[in-house]
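Below: the structure, in structure tokens.
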Amino acid sequence: MADRTRFGPAGIPDRFKTLIETVSDVPMLLHAEGLDAFEYPAVRWGQTAQIKKENAELLGIRAKENDVILSIHGSYYLNLFGKKEIVEASKRRIIACAQAAHWMNAYVLVFHSGFYGKLEKRFALKKCIRELENIVELMESYGIKDVLIGPETMGKASQFGSLEEIITICETIKQTKLVIDWGHLHARGKGSFKEKSDFRDIFNKIEYRLGTKALRNMHCHFSKVEFSEKGEKRHHILGNSDFGPDFRLLSELISEYEMHPVIICETPLLDYDAIEMRDTLQLTLKL
Ligand SMILES: [Zn+2]
């Protein structure tokens, strides 16, 4: 659990790649930049963990030494709403990530749940709850009890993961973490976040349904995002004023609600923009 608002990149920044020998060197470089979170990218993994146990454990040790909190982003190739074989394979992919998360002491496993396909939304929600409950049982049967699961809010209308759906899942399943991707919500709502009150409405809804602690400790993804009628198209850097949402508005709310979320930067400038967000929040807190 974060003791203050923490910032870090989604994955390894490109320019780190010539500086590191293994991923366990990443926390030291982040610490040197004044960052304190890292979302390990397991986004192309299959049904087995693609990091060795000892390397994952070393990453965990180095993260702790450098005061960097770890999360893990699960495979993009998941769909909990498809045919039985696809759902079962998706669950094995999630378990593989949960295993690695356990080794490296990542506090949350973030993932995209999948596509509604032909399922009616209310049935998709029920199915998602059933499959996630099964995943938690499987994790426990493998001795993985310290990793929270975090299905995130998604940016396309065809994807499961509206705010309402994610809140309902967090209300229903104990071993979940609220994961809000602000860029995705902005795209899904075709430009939802125009002013501070647009964020405030969501904060209030989360606090009412899940409580103050869940609100204050949420895990966030942030990026500026371009969208079409169907939702999210692509991510943009913070400095691009053609696209929203504006991080300054979110940072004012973070200050007002005395929050300490973990904020993972998903713009193309992973660590640079994480630093910019950190500095923006620090300025807001001083005002
Ligand atoms: Zn994601």
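FYI, nothing fancy with the structure tokens labels: chains A, B, ... in order, residues from 1 per chain, ligands from 1 as they appear.
Within 8 Å of Tyr77 (chain A), once only C-alpha atoms are used and residues closer than 2 positions along the same chain are dropped, the contacting residues are Val43, Arg44, Ser75, Asn79 and Ser90 of chain A.
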List every residue of chain A that has an atom at most 9 Å from any atom of ligand 1, giving for each one its closest atom pair and the distance in Å to one decimal, counting only C-alpha atoms and all ligand atoms, sorted by chain and then by ascending residue number, as a tab-separated table.
```
residue	atom	partner	partner_atom_place_in_ligand_line	distance
A:Ala10	CA	ligand 1	1 (Zn)	8.9
A:Val43	CA	ligand 1	1 (Zn)	8.8
A:His73	CA	ligand 1	1 (Zn)	6.7
A:Gly74	CA	ligand 1	1 (Zn)	8.1
A:Tyr76	CA	ligand 1	1 (Zn)	7.9
A:Val110	CA	ligand 1	1 (Zn)	6.9
A:Phe111	CA	ligand 1	1 (Zn)	5.9
A:His112	CA	ligand 1	1 (Zn)	6.0
A:Pro151	CA	ligand 1	1 (Zn)	8.7
A:Glu152	CA	ligand 1	1 (Zn)	6.6
A:Thr153	CA	ligand 1	1 (Zn)	8.3
A:Met154	CA	ligand 1	1 (Zn)	7.7
A:Asp181	CA	ligand 1	1 (Zn)	7.5
A:His184	CA	ligand 1	1 (Zn)	8.9
A:His221	CA	ligand 1	1 (Zn)	7.6
A:Glu266	CA	ligand 1	1 (Zn)	8.6
```
May I have the selected residues written with C-alpha atoms, as a PDB file, in the first residue's frame?
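Result went into part_29.pdb, see below:
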```pdb
ATOM      1  CA  ALA A  10       4.480   1.388 -17.472  1.00  0.00           C
ATOM      2  CA  VAL A  43       2.021  -7.899 -21.614  1.00  0.00           C
ATOM      3  CA  HIS A  73       0.630  -5.586 -16.159  1.00  0.00           C
ATOM      4  CA  GLY A  74      -0.785  -8.881 -17.374  1.00  0.00           C
ATOM      5  CA  TYR A  76      -2.824  -8.306 -23.589  1.00  0.00           C
ATOM      6  CA  VAL A 110      -3.428  -5.220 -13.578  1.00  0.00           C
ATOM      7  CA  PHE A 111      -5.113  -6.603 -16.684  1.00  0.00           C
ATOM      8  CA  HIS A 112      -7.681  -6.056 -19.442  1.00  0.00           C
ATOM      9  CA  PRO A 151      -9.132  -5.392 -13.878  1.00  0.00           C
ATOM     10  CA  GLU A 152      -8.776  -1.870 -15.263  1.00  0.00           C
ATOM     11  CA  THR A 153     -11.242   0.584 -16.761  1.00  0.00           C
ATOM     12  CA  MET A 154     -11.021   0.235 -20.541  1.00  0.00           C
ATOM     13  CA  ASP A 181      -7.074   4.275 -16.284  1.00  0.00           C
ATOM     14  CA  HIS A 184      -9.305   5.095 -21.022  1.00  0.00           C
ATOM     15  CA  HIS A 221      -2.828   4.717 -15.263  1.00  0.00           C
ATOM     16  CA  GLU A 266       1.477   5.296 -20.005  1.00  0.00           C
TER      17      GLU A 266
END
```
| field | region 1-93 of chain A: residues DSSP assigns to strand (DSSP E), reported as a PyMOL selection string | value | chain A and resi 6-9+37-41+69-73
Kindly save the residues from that selection, with C-alpha atoms included, as a short mmCIF file (atom, residue, chain, number, x, y, z; two decimals), in the first residue's frame.
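What follows is the written file again08.cif:
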```cif
data_model
loop_
_atom_site.label_atom_id
_atom_site.label_comp_id
_atom_site.auth_asym_id
_atom_site.auth_seq_id
_atom_site.Cartn_x
_atom_site.Cartn_y
_atom_site.Cartn_z
CA ARG A 6 3.92 7.43 -6.13
CA PHE A 7 4.84 7.78 -9.78
CA GLY A 8 6.53 5.51 -12.29
CA PRO A 9 6.51 4.15 -15.83
CA ALA A 37 6.82 3.01 -8.83
CA PHE A 38 7.33 0.54 -11.67
CA GLU A 39 4.76 -1.48 -13.59
CA TYR A 40 6.51 -4.58 -14.84
CA PRO A 41 5.31 -5.42 -18.36
CA ILE A 69 6.62 -0.10 -5.40
CA LEU A 70 6.02 -2.82 -8.01
CA SER A 71 2.90 -3.68 -9.94
CA ILE A 72 2.63 -5.99 -12.94
CA HIS A 73 0.63 -5.59 -16.16
#
```
Near region 20-27 of chain A, within 8 Å and counting only C-alpha atoms, which residues show up once chain neighbours fewer than 4 positions away are dropped, as a short mmCIF file (atom, residue, chain, number, x, y, z; two decimals) with C-alpha atoms, in the first residue's frame?
```cif
data_model
loop_
_atom_site.label_atom_id
_atom_site.label_comp_id
_atom_site.auth_asym_id
_atom_site.auth_seq_id
_atom_site.Cartn_x
_atom_site.Cartn_y
_atom_site.Cartn_z
CA ILE A 12 11.02 -0.10 -19.14
CA PHE A 16 17.16 2.52 -19.90
CA HIS A 31 15.17 6.02 -7.86
CA ASP A 36 9.08 5.39 -6.89
CA PHE A 38 7.33 0.54 -11.67
CA ASN A 55 15.33 -12.82 -11.41
CA ALA A 56 11.84 -11.87 -10.25
CA LEU A 58 16.02 -10.02 -7.33
CA LEU A 59 13.80 -7.37 -8.95
CA GLY A 60 11.68 -7.42 -5.78
CA ARG A 62 16.16 -4.12 -5.68
CA ALA A 63 12.75 -2.43 -5.76
CA ASN A 66 15.31 1.69 -3.89
CA VAL A 68 10.05 1.53 -5.65
#
```
| request: Report as a PyMOL selection string: the residues of region 20-245 of chain A with a DSSP assignment of alpha helix (DSSP H), based on the backbone of this structure. | output: chain A and resi 26-32+53-65+84-104+121-141+163-172+182-188+196-210+212-216
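The shell of residues at most 12 Å from Glu207 (chain A), with only C-alpha atoms counted and near chain neighbours (fewer than 5 positions) removed, consists of Ile167, Glu171, Leu178, Arg200, Asp201, Ile202, Thr212, Lys213, Ala214, Leu215, Arg216, Asn217, Met218, Tyr257 and Met259 of chain A.
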Would you mind exporting the chosen residues as a PDB file, in the first residue's frame, restricted to C-alpha atoms?
```pdb
ATOM      1  CA  ILE A 167     -16.649  -0.646  -9.173  1.00  0.00           C
ATOM      2  CA  GLU A 171     -17.545  -4.365  -4.338  1.00  0.00           C
ATOM      3  CA  LEU A 178      -9.404  -0.469  -7.878  1.00  0.00           C
ATOM      4  CA  ARG A 200     -14.958  15.062  -8.731  1.00  0.00           C
ATOM      5  CA  ASP A 201     -18.122  13.194  -9.807  1.00  0.00           C
ATOM      6  CA  ILE A 202     -16.101  10.033 -10.231  1.00  0.00           C
ATOM      7  CA  THR A 212     -12.522   6.502   1.466  1.00  0.00           C
ATOM      8  CA  LYS A 213      -9.635   4.052   1.764  1.00  0.00           C
ATOM      9  CA  ALA A 214     -10.253   2.520  -1.670  1.00  0.00           C
ATOM     10  CA  LEU A 215     -10.494   6.003  -3.157  1.00  0.00           C
ATOM     11  CA  ARG A 216      -7.325   7.263  -1.540  1.00  0.00           C
ATOM     12  CA  ASN A 217      -5.259   4.191  -2.430  1.00  0.00           C
ATOM     13  CA  MET A 218      -6.382   3.563  -5.982  1.00  0.00           C
ATOM     14  CA  TYR A 257      -9.117  14.358  -1.281  1.00  0.00           C
ATOM     15  CA  MET A 259      -5.092  10.764  -1.730  1.00  0.00           C
TER      16      MET A 259
END
```
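CA of Pro261 (chain A) sits 27.4 Å away from CA of Phe115 (chain A).
Using only C-alpha atoms, the nearest neighbour of Phe247 (chain A) within the list A:Glu33, A:Asp146, A:Glu195, A:Glu57 is A:Glu195.
Between CA of Cys128 (chain A) and CA of Leu109 (chain A) the separation is 15.9 Å.
Taking CA of Leu253 (chain A) and CA of Arg209 (chain A) as the two end points, the separation is 18.0 Å.
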| note | Judged by only C-alpha atoms, the minimum distance to Leu119 (chain A) among A:Val179, A:Leu148, A:Leu80, A:Leu250 is found for A:Leu80
| task | Please provide as a list in words all residues within 6 Å of Leu281 (chain A), with the sequence filter that same-chain residues fewer than 3 positions apart are discarded (counting only C-alpha atoms). | result | Ser251, Arg278 and Thr284 of chain A
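The closest residue to Lys91 (chain A), picked from A:Val136, A:Glu120, A:Tyr107, A:Leu19 and counting only C-alpha atoms, is A:Val136.
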| request: Mind checking which residues fall within 12 Å of Ser192 (chain A), counting only C-alpha atoms, ignoring those fewer than 3 positions away in the same chain, and posting them as an MDAnalysis selection string? | output: chainID A and resid 155 182:189 195:202 225 227 231 243:246
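Of the listed residues A:Arg122, A:Asp242, A:Asp67, A:Ala106, the one whose atoms come nearest to Glu164 (chain A) is A:Arg122, with distances taken using only C-alpha atoms.
In this comparison, which uses only C-alpha atoms, the residue of A:Leu269, A:Cys97, A:Leu163, A:Leu30 approaching Met139 (chain A) most closely is A:Cys97.
Distances here use only C-alpha atoms; by that measure, the residue among A:Lys17, A:Lys194, A:Lys126, A:Lys118 closest to Ser158 (chain A) is A:Lys118.
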